[in-house]
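Student: So that you have it, the file is target.txt, and it contains compact mmCIF, C-alpha atoms and all ligand atoms:
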```
# COMPACT_ATOMS: atom_id res chain seq x y z
CA MET U 1 0.00 0.00 0.00
CA ASN U 2 1.18 3.53 -0.78
CA ARG U 3 0.32 6.55 1.32
CA ILE U 4 0.41 9.99 -0.27
CA GLU U 5 -0.10 13.12 1.82
CA ILE U 6 -2.08 16.00 0.40
CA ALA U 7 -0.38 18.92 2.12
CA LEU U 8 -2.91 21.65 2.76
CA GLY U 9 -2.08 22.79 6.28
CA GLN U 10 -5.03 22.16 8.57
CA ARG U 11 -6.92 20.55 5.70
CA SER U 12 -4.19 17.99 4.91
CA TYR U 13 -5.19 14.37 4.43
CA PRO U 14 -3.76 11.03 3.29
CA VAL U 15 -4.59 9.14 0.11
CA LEU U 16 -4.13 5.37 0.50
CA VAL U 17 -3.57 3.41 -2.70
CA GLY U 18 -3.42 -0.38 -2.70
CA ALA U 19 -5.02 -3.71 -3.56
CA SER U 20 -7.77 -5.27 -1.40
CA LEU U 21 -7.98 -2.09 0.66
CA LEU U 22 -11.74 -2.25 1.13
CA ASP U 23 -11.28 -5.66 2.79
CA GLN U 24 -8.28 -4.60 4.83
CA ALA U 25 -9.98 -2.09 7.08
CA GLN U 26 -7.08 -2.05 9.54
CA HIS U 27 -5.33 0.35 7.13
CA TRP U 28 -8.05 3.00 7.15
CA LEU U 29 -10.65 2.36 9.86
CA PRO U 30 -8.50 3.94 12.60
CA LEU U 31 -8.48 7.14 10.50
CA ILE U 32 -12.28 7.44 10.65
CA PRO U 33 -13.47 8.73 14.03
CA PRO U 34 -16.20 6.81 15.93
CA VAL U 35 -19.06 9.03 14.76
CA PRO U 36 -22.28 8.32 12.81
CA LEU U 37 -21.46 7.47 9.18
CA VAL U 38 -23.53 7.86 6.02
CA ILE U 39 -22.48 5.91 2.93
CA PHE U 40 -23.38 7.46 -0.44
CA THR U 41 -23.31 5.04 -3.36
CA ASN U 42 -25.31 4.02 -6.42
CA GLU U 43 -27.26 1.05 -7.74
CA ARG U 44 -24.35 -0.17 -9.88
CA VAL U 45 -21.66 -0.04 -7.20
CA ALA U 46 -23.78 -1.11 -4.22
CA PRO U 47 -24.15 -4.79 -5.24
CA LEU U 48 -20.40 -4.95 -5.88
CA TYR U 49 -18.83 -3.28 -2.86
CA LEU U 50 -21.38 -2.00 -0.33
CA GLU U 51 -21.45 -5.19 1.71
CA THR U 52 -17.66 -5.23 2.00
CA LEU U 53 -17.61 -1.63 3.18
CA ARG U 54 -20.48 -2.13 5.60
CA GLY U 55 -18.80 -5.29 6.90
CA ALA U 56 -15.69 -3.30 7.72
CA LEU U 57 -17.81 -0.84 9.68
CA THR U 58 -19.56 -3.40 11.89
CA GLY U 59 -20.44 -1.92 15.26
CA ARG U 60 -20.64 1.65 13.93
CA GLU U 61 -23.82 3.69 13.34
CA VAL U 62 -24.08 3.47 9.53
CA HIS U 63 -26.79 4.82 7.20
CA THR U 64 -26.84 4.22 3.46
CA PHE U 65 -28.09 6.54 0.73
CA ILE U 66 -28.30 4.79 -2.66
CA LEU U 67 -28.84 6.73 -5.89
CA PRO U 68 -29.61 5.48 -9.39
CA ASP U 69 -26.58 5.26 -11.69
CA GLY U 70 -25.51 7.99 -14.12
CA GLU U 71 -24.23 11.52 -14.60
CA ALA U 72 -27.84 12.78 -14.66
CA GLU U 73 -28.10 11.86 -10.97
CA LYS U 74 -25.61 14.57 -9.99
CA SER U 75 -28.67 16.77 -9.83
CA PHE U 76 -30.15 19.44 -7.63
CA ALA U 77 -33.09 17.13 -6.90
CA ASN U 78 -30.79 14.41 -5.56
CA TYR U 79 -28.76 16.98 -3.64
CA GLN U 80 -31.95 18.10 -1.93
CA GLY U 81 -33.02 14.48 -1.42
CA ALA U 82 -29.70 13.72 0.25
CA LEU U 83 -30.00 16.71 2.60
CA GLU U 84 -33.51 15.65 3.54
CA PHE U 85 -32.23 12.12 4.18
CA LEU U 86 -29.59 13.50 6.56
CA ALA U 87 -32.23 15.60 8.33
CA GLN U 88 -34.54 12.62 8.67
CA LYS U 89 -31.75 10.49 10.16
CA GLY U 90 -30.82 13.22 12.63
CA ILE U 91 -27.28 13.57 11.24
CA ARG U 92 -25.29 16.24 13.10
CA ARG U 93 -22.10 18.19 12.56
CA ASP U 94 -19.89 15.48 14.04
CA ALA U 95 -20.96 12.89 11.41
CA CYS U 96 -18.87 11.74 8.48
CA LEU U 97 -20.08 10.96 4.95
CA LEU U 98 -18.46 8.17 2.92
CA ALA U 99 -18.52 8.34 -0.89
CA LEU U 100 -18.35 4.86 -2.42
CA GLY U 101 -18.33 5.11 -6.22
CA GLY U 102 -17.05 7.07 -9.18
CA GLY U 103 -16.78 10.81 -9.66
CA VAL U 104 -20.53 11.31 -9.76
CA ILE U 105 -21.01 9.94 -6.26
CA GLY U 106 -17.84 11.64 -5.00
CA ASP U 107 -18.84 15.05 -6.36
CA LEU U 108 -22.40 14.90 -5.05
CA CYS U 109 -21.49 13.44 -1.66
CA GLY U 110 -18.68 15.99 -1.36
CA PHE U 111 -21.03 18.88 -2.05
CA VAL U 112 -23.53 17.56 0.48
CA ALA U 113 -20.67 17.32 3.00
CA ALA U 114 -19.54 20.86 2.09
CA SER U 115 -22.94 22.35 2.78
CA TRP U 116 -24.61 20.18 5.43
CA MET U 117 -24.51 22.24 8.64
CA ARG U 118 -21.91 24.48 6.95
CA GLY U 119 -19.55 21.63 6.26
CA ILE U 120 -18.86 18.20 7.73
CA ARG U 121 -16.18 15.56 7.23
CA PHE U 122 -16.24 13.17 4.30
CA VAL U 123 -14.13 10.28 3.07
CA GLN U 124 -13.71 9.19 -0.53
CA PHE U 125 -13.67 5.51 -1.57
CA PRO U 126 -13.23 6.05 -5.33
CA THR U 127 -14.07 3.00 -7.46
CA THR U 128 -13.35 4.25 -10.99
CA LEU U 129 -9.92 4.95 -12.40
CA LEU U 130 -10.94 8.53 -13.15
CA ALA U 131 -12.11 9.05 -9.59
CA GLN U 132 -8.94 7.46 -8.14
CA VAL U 133 -6.51 9.56 -10.19
CA ASP U 134 -8.48 12.78 -10.34
CA ALA U 135 -11.96 13.42 -8.94
CA SER U 136 -11.48 12.10 -5.39
CA VAL U 137 -8.41 14.24 -4.71
CA GLY U 138 -8.30 18.02 -4.60
CA GLY U 139 -11.54 19.05 -2.97
CA LYS U 140 -13.64 20.12 -5.93
CA THR U 141 -17.24 19.12 -5.32
CA ALA U 142 -20.24 19.90 -7.49
CA ILE U 143 -23.64 19.14 -8.92
CA ASN U 144 -25.00 19.82 -12.41
CA LEU U 145 -27.78 22.15 -13.47
CA PRO U 146 -29.79 21.90 -16.70
CA ALA U 147 -27.77 24.97 -17.78
CA GLY U 148 -24.44 23.17 -17.46
CA LYS U 149 -22.26 20.66 -15.68
CA ASN U 150 -20.63 21.41 -12.31
CA LEU U 151 -22.18 24.89 -12.14
CA VAL U 152 -22.89 24.67 -8.42
CA GLY U 153 -20.28 23.44 -6.00
CA ALA U 154 -17.68 24.18 -3.39
CA PHE U 155 -14.07 23.54 -2.55
CA HIS U 156 -14.25 21.06 0.31
CA GLN U 157 -11.41 18.63 0.95
CA PRO U 158 -12.09 15.07 2.07
CA SER U 159 -10.42 13.93 5.29
CA LEU U 160 -9.20 10.66 3.76
CA VAL U 161 -9.15 8.94 0.35
CA VAL U 162 -9.01 5.13 0.08
CA ALA U 163 -8.28 3.96 -3.48
CA ASP U 164 -8.56 0.19 -3.81
CA VAL U 165 -7.31 -0.74 -7.32
CA ASP U 166 -9.04 -4.12 -7.09
CA THR U 167 -12.36 -2.33 -7.56
CA LEU U 168 -11.16 -1.35 -11.06
CA LYS U 169 -11.49 -4.98 -12.19
CA THR U 170 -15.27 -4.65 -12.50
CA LEU U 171 -15.19 -1.39 -14.48
CA ASP U 172 -16.57 -1.38 -18.02
CA GLU U 173 -13.81 -1.49 -20.60
CA ARG U 174 -14.64 1.98 -21.89
CA GLU U 175 -14.70 3.52 -18.42
CA TYR U 176 -11.34 1.95 -17.65
CA ARG U 177 -9.73 3.26 -20.84
CA ALA U 178 -11.18 6.72 -20.29
CA GLY U 179 -9.42 6.71 -16.92
CA LEU U 180 -6.15 5.76 -18.61
CA ALA U 181 -6.44 8.93 -20.72
CA GLU U 182 -6.43 10.96 -17.50
CA VAL U 183 -3.34 9.09 -16.27
CA LEU U 184 -1.58 9.82 -19.54
CA LYS U 185 -2.54 13.47 -19.12
CA TYR U 186 -0.32 13.68 -16.01
CA GLY U 187 2.48 12.20 -18.09
CA ALA U 188 1.98 14.75 -20.85
CA ILE U 189 1.93 17.77 -18.56
CA ARG U 190 4.61 16.87 -16.03
CA ASP U 191 6.05 13.33 -16.15
CA PRO U 192 7.87 12.06 -19.26
CA GLU U 193 8.83 8.86 -17.40
CA LEU U 194 5.18 8.05 -16.86
CA ILE U 195 4.65 8.19 -20.62
CA GLU U 196 7.59 5.83 -21.18
CA LEU U 197 6.25 3.46 -18.52
CA MET U 198 2.84 3.36 -20.18
CA GLU U 199 4.43 2.81 -23.60
CA GLN U 200 6.37 -0.16 -22.22
CA GLN U 201 3.44 -1.65 -20.33
CA VAL U 202 0.60 -1.57 -22.84
CA THR U 203 -0.21 -5.27 -22.37
CA ALA U 204 -0.18 -5.07 -18.56
CA LEU U 205 -2.38 -1.97 -18.82
CA HIS U 206 -4.93 -3.93 -20.83
CA GLN U 207 -4.76 -6.71 -18.25
CA ARG U 208 -5.37 -4.24 -15.40
CA ASP U 209 -2.31 -5.54 -13.60
CA ALA U 210 -2.75 -4.59 -9.92
CA ALA U 211 0.89 -3.72 -9.20
CA LEU U 212 1.06 -1.49 -12.27
CA LEU U 213 -2.23 0.18 -11.36
CA ILE U 214 -1.02 0.90 -7.82
CA ASP U 215 2.02 2.56 -9.38
CA LEU U 216 0.04 4.58 -11.94
CA VAL U 217 -2.65 5.69 -9.49
CA SER U 218 -0.03 6.64 -6.88
CA ARG U 219 2.02 8.65 -9.38
CA SER U 220 -1.10 10.39 -10.65
CA VAL U 221 -2.22 11.24 -7.11
CA GLU U 222 1.27 12.56 -6.31
CA HIS U 223 1.05 14.87 -9.30
CA LYS U 224 -2.41 16.04 -8.39
CA ALA U 225 -1.30 16.46 -4.77
CA SER U 226 1.62 18.69 -5.62
CA VAL U 227 -0.39 20.78 -8.07
CA VAL U 228 -3.25 21.20 -5.60
CA ALA U 229 -0.89 21.96 -2.70
CA GLU U 230 0.65 24.73 -4.79
CA ASP U 231 -2.61 26.13 -6.12
CA GLU U 232 -5.70 24.85 -4.29
CA ARG U 233 -8.15 27.25 -5.94
CA GLU U 234 -6.86 27.14 -9.49
CA ALA U 235 -5.33 30.59 -9.70
CA GLY U 236 -2.38 29.28 -11.71
CA VAL U 237 -0.62 25.95 -12.09
CA ARG U 238 -3.74 23.88 -11.28
CA ALA U 239 -5.07 24.99 -14.65
CA THR U 240 -2.46 22.78 -16.35
CA LEU U 241 -4.56 19.80 -15.22
CA ASN U 242 -7.00 20.97 -17.87
CA PHE U 243 -4.67 19.91 -20.69
CA GLY U 244 -6.85 18.60 -23.53
CA HIS U 245 -9.97 19.76 -21.70
CA SER U 246 -10.86 22.90 -23.68
CA PHE U 247 -11.04 20.90 -26.90
CA GLY U 248 -12.49 17.95 -24.98
CA HIS U 249 -15.30 19.95 -23.40
CA ALA U 250 -16.25 21.38 -26.79
CA ILE U 251 -16.41 17.85 -28.25
CA GLU U 252 -18.53 16.63 -25.34
CA ALA U 253 -20.88 19.60 -25.48
CA LEU U 254 -21.40 19.38 -29.26
CA THR U 255 -22.22 15.68 -28.99
CA ASP U 256 -24.66 16.28 -26.11
CA TYR U 257 -22.45 14.45 -23.60
CA THR U 258 -23.71 11.15 -25.00
CA ARG U 259 -21.23 9.98 -27.65
CA PHE U 260 -17.96 10.27 -25.74
CA LEU U 261 -16.96 9.64 -22.17
CA HIS U 262 -15.09 12.57 -20.67
CA GLY U 263 -11.72 10.78 -20.86
CA GLU U 264 -12.31 9.87 -24.50
CA ALA U 265 -13.01 13.49 -25.42
CA VAL U 266 -9.93 14.55 -23.45
CA ALA U 267 -7.86 12.01 -25.43
CA ILE U 268 -8.83 13.72 -28.69
CA GLY U 269 -8.35 17.11 -27.03
CA MET U 270 -4.82 16.23 -25.94
CA VAL U 271 -3.88 15.33 -29.51
CA ALA U 272 -5.36 18.61 -30.80
CA ALA U 273 -3.56 20.63 -28.10
CA SER U 274 -0.29 18.87 -28.99
CA HIS U 275 -0.73 19.75 -32.66
CA LEU U 276 -1.32 23.36 -31.66
CA SER U 277 1.78 23.32 -29.44
CA GLU U 278 3.91 22.06 -32.33
CA GLN U 279 2.43 24.51 -34.76
CA ARG U 280 3.03 27.42 -32.39
CA GLY U 281 6.67 26.34 -32.14
CA LEU U 282 6.29 25.82 -28.39
CA CYS U 283 7.32 22.19 -28.60
CA ALA U 284 9.33 20.06 -31.02
CA ALA U 285 7.60 18.14 -33.79
CA GLY U 286 6.61 14.58 -32.96
CA ALA U 287 4.78 15.10 -29.64
CA ALA U 288 1.31 14.82 -31.15
CA GLY U 289 2.28 11.70 -33.11
CA ARG U 290 3.74 9.95 -30.08
CA LEU U 291 0.81 10.80 -27.83
CA SER U 292 -1.64 9.75 -30.50
CA GLN U 293 0.11 6.41 -31.02
CA LEU U 294 0.00 5.52 -27.33
CA LEU U 295 -3.65 6.58 -27.02
CA GLN U 296 -4.50 4.37 -29.98
CA GLN U 297 -2.70 1.42 -28.39
CA LEU U 298 -4.94 2.00 -25.38
CA ASN U 299 -7.96 1.89 -27.72
CA LEU U 300 -8.80 5.54 -27.16
CA PRO U 301 -10.10 7.85 -29.90
CA VAL U 302 -7.61 10.34 -31.34
CA THR U 303 -9.41 12.05 -34.20
CA MET U 304 -11.87 14.93 -34.19
CA PRO U 305 -15.34 13.63 -35.14
CA ALA U 306 -15.94 14.42 -38.84
CA ASP U 307 -19.45 15.75 -38.19
CA LEU U 308 -18.30 18.45 -35.79
CA ASP U 309 -17.84 21.78 -37.48
CA THR U 310 -14.60 23.63 -36.77
CA ASP U 311 -16.41 26.94 -36.21
CA ASP U 312 -18.78 25.32 -33.74
CA LEU U 313 -15.83 23.80 -31.87
CA LEU U 314 -14.08 27.17 -31.73
CA GLU U 315 -17.20 28.91 -30.49
CA CYS U 316 -17.73 26.26 -27.85
CA MET U 317 -14.14 26.61 -26.65
CA GLY U 318 -14.62 30.35 -26.22
CA LEU U 319 -17.41 29.61 -23.78
CA ASP U 320 -15.34 27.28 -21.65
CA LYS U 321 -15.89 28.47 -18.07
CA LYS U 322 -12.26 27.78 -17.15
CA ASN U 323 -11.17 30.67 -19.34
CA MET U 324 -10.62 34.06 -17.80
CA THR U 325 -13.00 36.65 -19.20
CA GLY U 326 -11.80 38.05 -22.49
CA THR U 327 -8.92 35.67 -23.15
CA ARG U 328 -8.82 32.21 -24.58
CA ARG U 329 -6.53 30.43 -22.18
CA LEU U 330 -5.22 27.08 -23.34
CA ILE U 331 -2.93 24.52 -21.80
CA LEU U 332 -0.22 23.62 -24.30
CA LEU U 333 3.05 21.68 -24.22
CA GLU U 334 6.64 22.88 -24.19
CA ALA U 335 7.60 19.22 -24.46
CA LEU U 336 5.89 15.89 -23.95
CA GLY U 337 6.07 15.96 -20.16
CA ARG U 338 5.98 19.74 -19.61
CA ALA U 339 2.89 21.97 -19.91
CA CYS U 340 2.51 25.72 -20.18
CA ILE U 341 -0.41 28.14 -19.95
CA ASP U 342 -0.95 29.99 -23.20
CA SER U 343 -3.12 32.98 -24.05
CA ASP U 344 -1.64 33.84 -27.43
CA SER U 345 -3.08 31.25 -29.79
CA ARG U 346 -5.05 32.85 -32.59
CA ASP U 347 -8.30 31.44 -33.95
CA GLU U 348 -6.60 30.51 -37.20
CA GLN U 349 -4.00 28.46 -35.39
CA ILE U 350 -6.60 26.66 -33.28
CA ARG U 351 -8.62 26.03 -36.43
CA GLN U 352 -5.58 24.49 -38.10
CA ALA U 353 -4.85 22.28 -35.07
CA ILE U 354 -8.43 21.01 -35.16
CA ASP U 355 -8.05 20.21 -38.85
CA GLU U 356 -4.75 18.41 -38.21
CA THR U 357 -6.59 16.23 -35.70
CA ARG U 358 -9.19 15.09 -38.26
N1 LIG G 1 -14.14 16.77 -8.48
C1 LIG G 1 -13.25 16.71 -9.42
O1 LIG G 1 -12.12 17.21 -9.30
C2 LIG G 1 -13.58 15.98 -10.67
C3 LIG G 1 -12.58 15.70 -11.61
C4 LIG G 1 -12.93 14.98 -12.74
C5 LIG G 1 -14.24 14.57 -12.94
N2 LIG G 1 -15.18 14.87 -12.01
C6 LIG G 1 -16.56 14.42 -12.18
O2 LIG G 1 -16.57 13.00 -12.10
C7 LIG G 1 -17.67 12.49 -12.86
C8 LIG G 1 -17.16 11.37 -13.73
O3 LIG G 1 -16.61 10.37 -12.89
P1 LIG G 1 -16.56 8.85 -13.34
O4 LIG G 1 -15.92 8.75 -14.66
O5 LIG G 1 -16.01 8.09 -12.21
O6 LIG G 1 -18.10 8.54 -13.62
P2 LIG G 1 -19.20 7.73 -12.79
O7 LIG G 1 -19.16 8.08 -11.37
O8 LIG G 1 -20.48 7.93 -13.52
O9 LIG G 1 -18.73 6.22 -12.99
C9 LIG G 1 -18.71 5.66 -14.28
C10 LIG G 1 -19.57 4.38 -14.32
O10 LIG G 1 -18.89 3.33 -13.65
C11 LIG G 1 -19.73 2.76 -12.66
N3 LIG G 1 -18.83 2.26 -11.62
C12 LIG G 1 -18.20 2.94 -10.65
N4 LIG G 1 -17.34 2.15 -10.02
C13 LIG G 1 -17.43 0.93 -10.57
C14 LIG G 1 -16.77 -0.30 -10.37
N5 LIG G 1 -15.78 -0.42 -9.50
N6 LIG G 1 -17.13 -1.36 -11.13
C15 LIG G 1 -18.09 -1.23 -12.07
N7 LIG G 1 -18.71 -0.08 -12.34
C16 LIG G 1 -18.40 0.98 -11.60
C17 LIG G 1 -20.63 3.88 -12.25
O11 LIG G 1 -21.78 3.42 -11.62
C18 LIG G 1 -20.90 4.51 -13.62
O12 LIG G 1 -21.85 3.76 -14.34
C19 LIG G 1 -18.23 13.66 -13.62
O13 LIG G 1 -19.42 14.06 -13.01
C20 LIG G 1 -17.18 14.75 -13.51
O14 LIG G 1 -17.71 16.02 -13.53
C21 LIG G 1 -14.87 15.56 -10.89
```
Turn the structure described in the file into structure tokens.
Ligand SMILES: NC(=O)c1ccc[n+]([C@@H]2O[C@H](COP(=O)([O-])OP(=O)(O)OC[C@H]3O[C@@H](n4cnc5c(N)ncnc54)[C@H](O)[C@@H]3O)[C@@H](O)[C@H]2O)c1

Tutor:
Amino acid sequence: MNRIEIALGQRSYPVLVGASLLDQAQHWLPLIPPVPLVIFTNERVAPLYLETLRGALTGREVHTFILPDGEAEKSFANYQGALEFLAQKGIRRDACLLALGGGVIGDLCGFVAASWMRGIRFVQFPTTLLAQVDASVGGKTAINLPAGKNLVGAFHQPSLVVADVDTLKTLDEREYRAGLAEVLKYGAIRDPELIELMEQQVTALHQRDAALLIDLVSRSVEHKASVVAEDEREAGVRATLNFGHSFGHAIEALTDYTRFLHGEAVAIGMVAASHLSEQRGLCAAGAAGRLSQLLQQLNLPVTMPADLDTDDLLECMGLDKKNMTGTRRLILLEALGRACIDSDSRDEQIRQAIDETR
């Protein structure tokens, strides 16, 4: 088991990464105080892992709130339903919420924890690769509105994250691969060795080798930890975590969030952003090709969908909420393994990068 500290002063917390961690409660149970607990999970994850988690908590006061599966459940209605559930169970400020599931459960449970009685403790048990390497760490919590994803939320750090890589064995193939795109993103923005490792271990990646996954998740969490410790509220360097995301969000939005998983859209976005970086002369030629080759070996998409119009993509990128008003801020590469924040790309150059990705 690896233990990574997220260093945020009084709000610091450990992330535990290992195999069979849900079963081996001795590693994490002592870190959860003897207070009433409320598990948040969904109908897909509950039959797989809820019993194991509940078993580990025998003797504690435990309530369970189970939602239907899906991104659509990260809704205001379910947020309200969860608050009413807590009220009905008499949950007080000393309680602790436990999020057992992917990013949807983590984000919703986190936002409930952020706002219930002005903020209570919560622990993340992420069960998707995306949630283990990204969503469960860093304290961003949110729900969606019909007007857009993640429009309402809060920064609220968990008090512990327990990432059991064995839970990744039951993930759908597509969900797993989409998570690998996020791992590769850390390589592209700050870890050339991680890219080499993934290139060498393509077969083991497909086999979901536990030792390799512990390594990849730990390295990813370390990267997220150091970025978040430096810039908790995304005033600067944290924005580099959005590499591939401006293009990716535009692709997702223009396909109604139904055709691509987030990680798949980010995969295409990373290739487009690499083309733009090369074209701008920020990084040497070959980065886009190498990234694209590895993504393809991982069975991820790398080309811009033919039916998406370049103008529509550009317009959609201008609306990206991560941009500062008035500038189109993009995360580009100085090299494969080193990102930079760029505000100087012209529409024509972005247009060309999109076309190079077709
Ligand atoms: N807070 C953050 O910093 C942050 C970062 C990235 C993404 N997010 C959010 O995370 C969400 C996406 O997360 P996600 O990709 O984990 O999606 P998800 O939570 O919808 O999980 C994907 C699917 O896998 C299922 N699942 C979960 N664990 C499983 C397991 N072990 N075995 C089998 N199936 C399992 C889920 O029920 C779901 O059907 C989005 O809402 C996004 O906005 C948040």

Student: Could you please determine the separation between CA of Leu21 in chain U and CA of Glu264 in chain U in Å, to one decimal place?

Tutor: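 CA of Leu21 in chain U sits 28.2 Å away from CA of Glu264 in chain U.
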
Student: Which of these, U:Phe65, U:Phe76, U:Phe155, U:Phe243, has the shortest distance to ligand LIG 1 (chain G) once you count only C-alpha atoms and all ligand atoms?

Tutor: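 With only C-alpha atoms and all ligand atoms as the atom set, the closest residue is U:Phe155.
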
Student: Write out as a ChimeraX atom specification which residues come within 9 Å of Arg174 in chain U when counting only C-alpha atoms, dropping same-chain ones fewer than 4 positions away.

Tutor: /U:178-179,261,264,299-300

Student: Under the rule of at most 7 Å, produce a per-residue listing of chain U near ligand LIG 1 (chain G): chain, number, name, the closest pair of atoms, and the distance in Å, as a Markdown table, using only C-alpha atoms and all ligand atoms.

Tutor:
```
| residue | atom | partner | partner_atom | distance |
| --- | --- | --- | --- | --- |
| U:Asn42 | CA | G:LIG1 | O11 | 6.3 |
| U:Arg44 | CA | G:LIG1 | O11 | 4.7 |
| U:Val45 | CA | G:LIG1 | C13 | 5.5 |
| U:Asp69 | CA | G:LIG1 | O11 | 5.1 |
| U:Gly70 | CA | G:LIG1 | O8 | 5.1 |
| U:Glu71 | CA | G:LIG1 | O8 | 5.3 |
| U:Lys74 | CA | G:LIG1 | O13 | 6.9 |
| U:Gly101 | CA | G:LIG1 | N4 | 4.9 |
| U:Gly102 | CA | G:LIG1 | O7 | 3.2 |
| U:Gly103 | CA | G:LIG1 | O3 | 3.3 |
| U:Val104 | CA | G:LIG1 | O7 | 3.9 |
| U:Ile105 | CA | G:LIG1 | O7 | 5.7 |
| U:Asp107 | CA | G:LIG1 | N1 | 5.4 |
| U:Thr127 | CA | G:LIG1 | N4 | 4.2 |
| U:Thr128 | CA | G:LIG1 | N4 | 4.6 |
| U:Leu129 | CA | G:LIG1 | O5 | 6.9 |
| U:Leu130 | CA | G:LIG1 | O5 | 5.2 |
| U:Ala131 | CA | G:LIG1 | O5 | 4.8 |
| U:Asp134 | CA | G:LIG1 | C3 | 5.2 |
| U:Ala135 | CA | G:LIG1 | C2 | 3.5 |
| U:Ser136 | CA | G:LIG1 | N1 | 6.2 |
| U:Val137 | CA | G:LIG1 | O1 | 6.6 |
| U:Gly138 | CA | G:LIG1 | O1 | 6.1 |
| U:Gly139 | CA | G:LIG1 | N1 | 6.5 |
| U:Lys140 | CA | G:LIG1 | N1 | 4.2 |
| U:Thr141 | CA | G:LIG1 | N1 | 5.0 |
| U:Ala142 | CA | G:LIG1 | N1 | 6.9 |
| U:Lys149 | CA | G:LIG1 | O14 | 6.8 |
| U:Asn150 | CA | G:LIG1 | O14 | 6.3 |
| U:Thr167 | CA | G:LIG1 | N5 | 4.4 |
| U:Leu168 | CA | G:LIG1 | N5 | 5.0 |
| U:Lys169 | CA | G:LIG1 | N6 | 6.8 |
| U:Thr170 | CA | G:LIG1 | N6 | 4.0 |
| U:Leu171 | CA | G:LIG1 | C15 | 3.8 |
| U:Asp172 | CA | G:LIG1 | C15 | 6.1 |
| U:Glu175 | CA | G:LIG1 | C9 | 6.1 |
```

Student: Hey, which of U:Ala211, U:Ala339, U:Val183, U:Leu16 ends up closest to Met1 in chain U? Count all atoms listed in the file.

Tutor: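 Checking each of U:Ala211, U:Ala339, U:Val183, U:Leu16 against Met1 in chain U, counting all atoms listed in the file, the winner is U:Leu16.
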
Student: Which of these residues is nearest to Ala87 in chain U, using all atoms listed in the file: U:Val112, U:Ser343, U:Lys224, U:Pro68?

Tutor: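 Looking only at the distances to Ala87 in chain U, the closest residue turns out to be U:Val112.
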
Student: For Gly110 in chain U, list every protein, DNA or RNA residue within 7 Å, evaluated using only C-alpha atoms, and leave out those in the same chain fewer than 3 positions away; present the list as a tab-separated table (two decimals) with C-alpha atoms, in the coordinates of the input.

Tutor:
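And here is the file that came out, out01.tsv:
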```tsv
chain	number	residue	atom	x	y	z
U	106	GLY	CA	-17.84	11.64	-5.00
U	107	ASP	CA	-18.84	15.05	-6.36
U	113	ALA	CA	-20.67	17.32	3.00
U	114	ALA	CA	-19.54	20.86	2.09
U	122	PHE	CA	-16.24	13.17	4.30
U	141	THR	CA	-17.24	19.12	-5.32
U	156	HIS	CA	-14.25	21.06	0.31
```

Student: Quick one: of U:Ile331, U:Gln80, U:Ile120, U:Arg219, who's nearest to Arg238 in chain U, counting only C-alpha atoms?

Tutor: U:Ile331

Student: Looking at U:His206, U:Glu232, U:Leu53, U:Lys89, which one is nearest to Gly9 in chain U, with distances taken over all atoms listed in the file?

Tutor: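 Smallest distance to Gly9 in chain U is found for U:Glu232.
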
Student: Given 4 Å of margin on each side, can you work out the centre and size in Å (one decimal) of an axis-aligned box holding every listed atom of range 262-270 of chain U, as AutoDock Vina command-line options?

Tutor:
```
--center_x -10.0 --center_y 13.5 --center_z -24.7 --size_x 18.3 --size_y 15.2 --size_z 16.0
```

Student: Looking at U:Val152, U:Val161, U:Leu332, U:Leu254, which one is nearest to Leu100 in chain U, with distances taken over all atoms listed in the file?

Tutor: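 Distance minimum relative to Leu100 in chain U lands on U:Val161.
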
Student: For a cut-off of 12 Å around (7.1, 12.7, -30.9), file coordinates, pick out all residues using only C-alpha atoms and list them as an mmCIF file with C-alpha atoms, in the frame of the given file.

Tutor:
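And here is the file that came out, result-v7.cif:
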```
data_model
loop_
_atom_site.group_PDB
_atom_site.id
_atom_site.type_symbol
_atom_site.label_atom_id
_atom_site.label_comp_id
_atom_site.auth_asym_id
_atom_site.auth_seq_id
_atom_site.Cartn_x
_atom_site.Cartn_y
_atom_site.Cartn_z
ATOM 1 C CA ALA U 188 1.980 14.750 -20.850
ATOM 2 C CA PRO U 192 7.870 12.060 -19.260
ATOM 3 C CA ILE U 195 4.650 8.190 -20.620
ATOM 4 C CA GLU U 196 7.590 5.830 -21.180
ATOM 5 C CA VAL U 271 -3.880 15.330 -29.510
ATOM 6 C CA SER U 274 -0.290 18.870 -28.990
ATOM 7 C CA HIS U 275 -0.730 19.750 -32.660
ATOM 8 C CA SER U 277 1.780 23.320 -29.440
ATOM 9 C CA GLU U 278 3.910 22.060 -32.330
ATOM 10 C CA CYS U 283 7.320 22.190 -28.600
ATOM 11 C CA ALA U 284 9.330 20.060 -31.020
ATOM 12 C CA ALA U 285 7.600 18.140 -33.790
ATOM 13 C CA GLY U 286 6.610 14.580 -32.960
ATOM 14 C CA ALA U 287 4.780 15.100 -29.640
ATOM 15 C CA ALA U 288 1.310 14.820 -31.150
ATOM 16 C CA GLY U 289 2.280 11.700 -33.110
ATOM 17 C CA ARG U 290 3.740 9.950 -30.080
ATOM 18 C CA LEU U 291 0.810 10.800 -27.830
ATOM 19 C CA SER U 292 -1.640 9.750 -30.500
ATOM 20 C CA GLN U 293 0.110 6.410 -31.020
ATOM 21 C CA LEU U 294 0.000 5.520 -27.330
ATOM 22 C CA LEU U 333 3.050 21.680 -24.220
ATOM 23 C CA ALA U 335 7.600 19.220 -24.460
ATOM 24 C CA LEU U 336 5.890 15.890 -23.950
ATOM 25 C CA GLY U 337 6.070 15.960 -20.160
#
```

Student: What gap, in Å, lies between CA of Leu160 in chain U and CA of Tyr13 in chain U?

Tutor: 5.5 Å
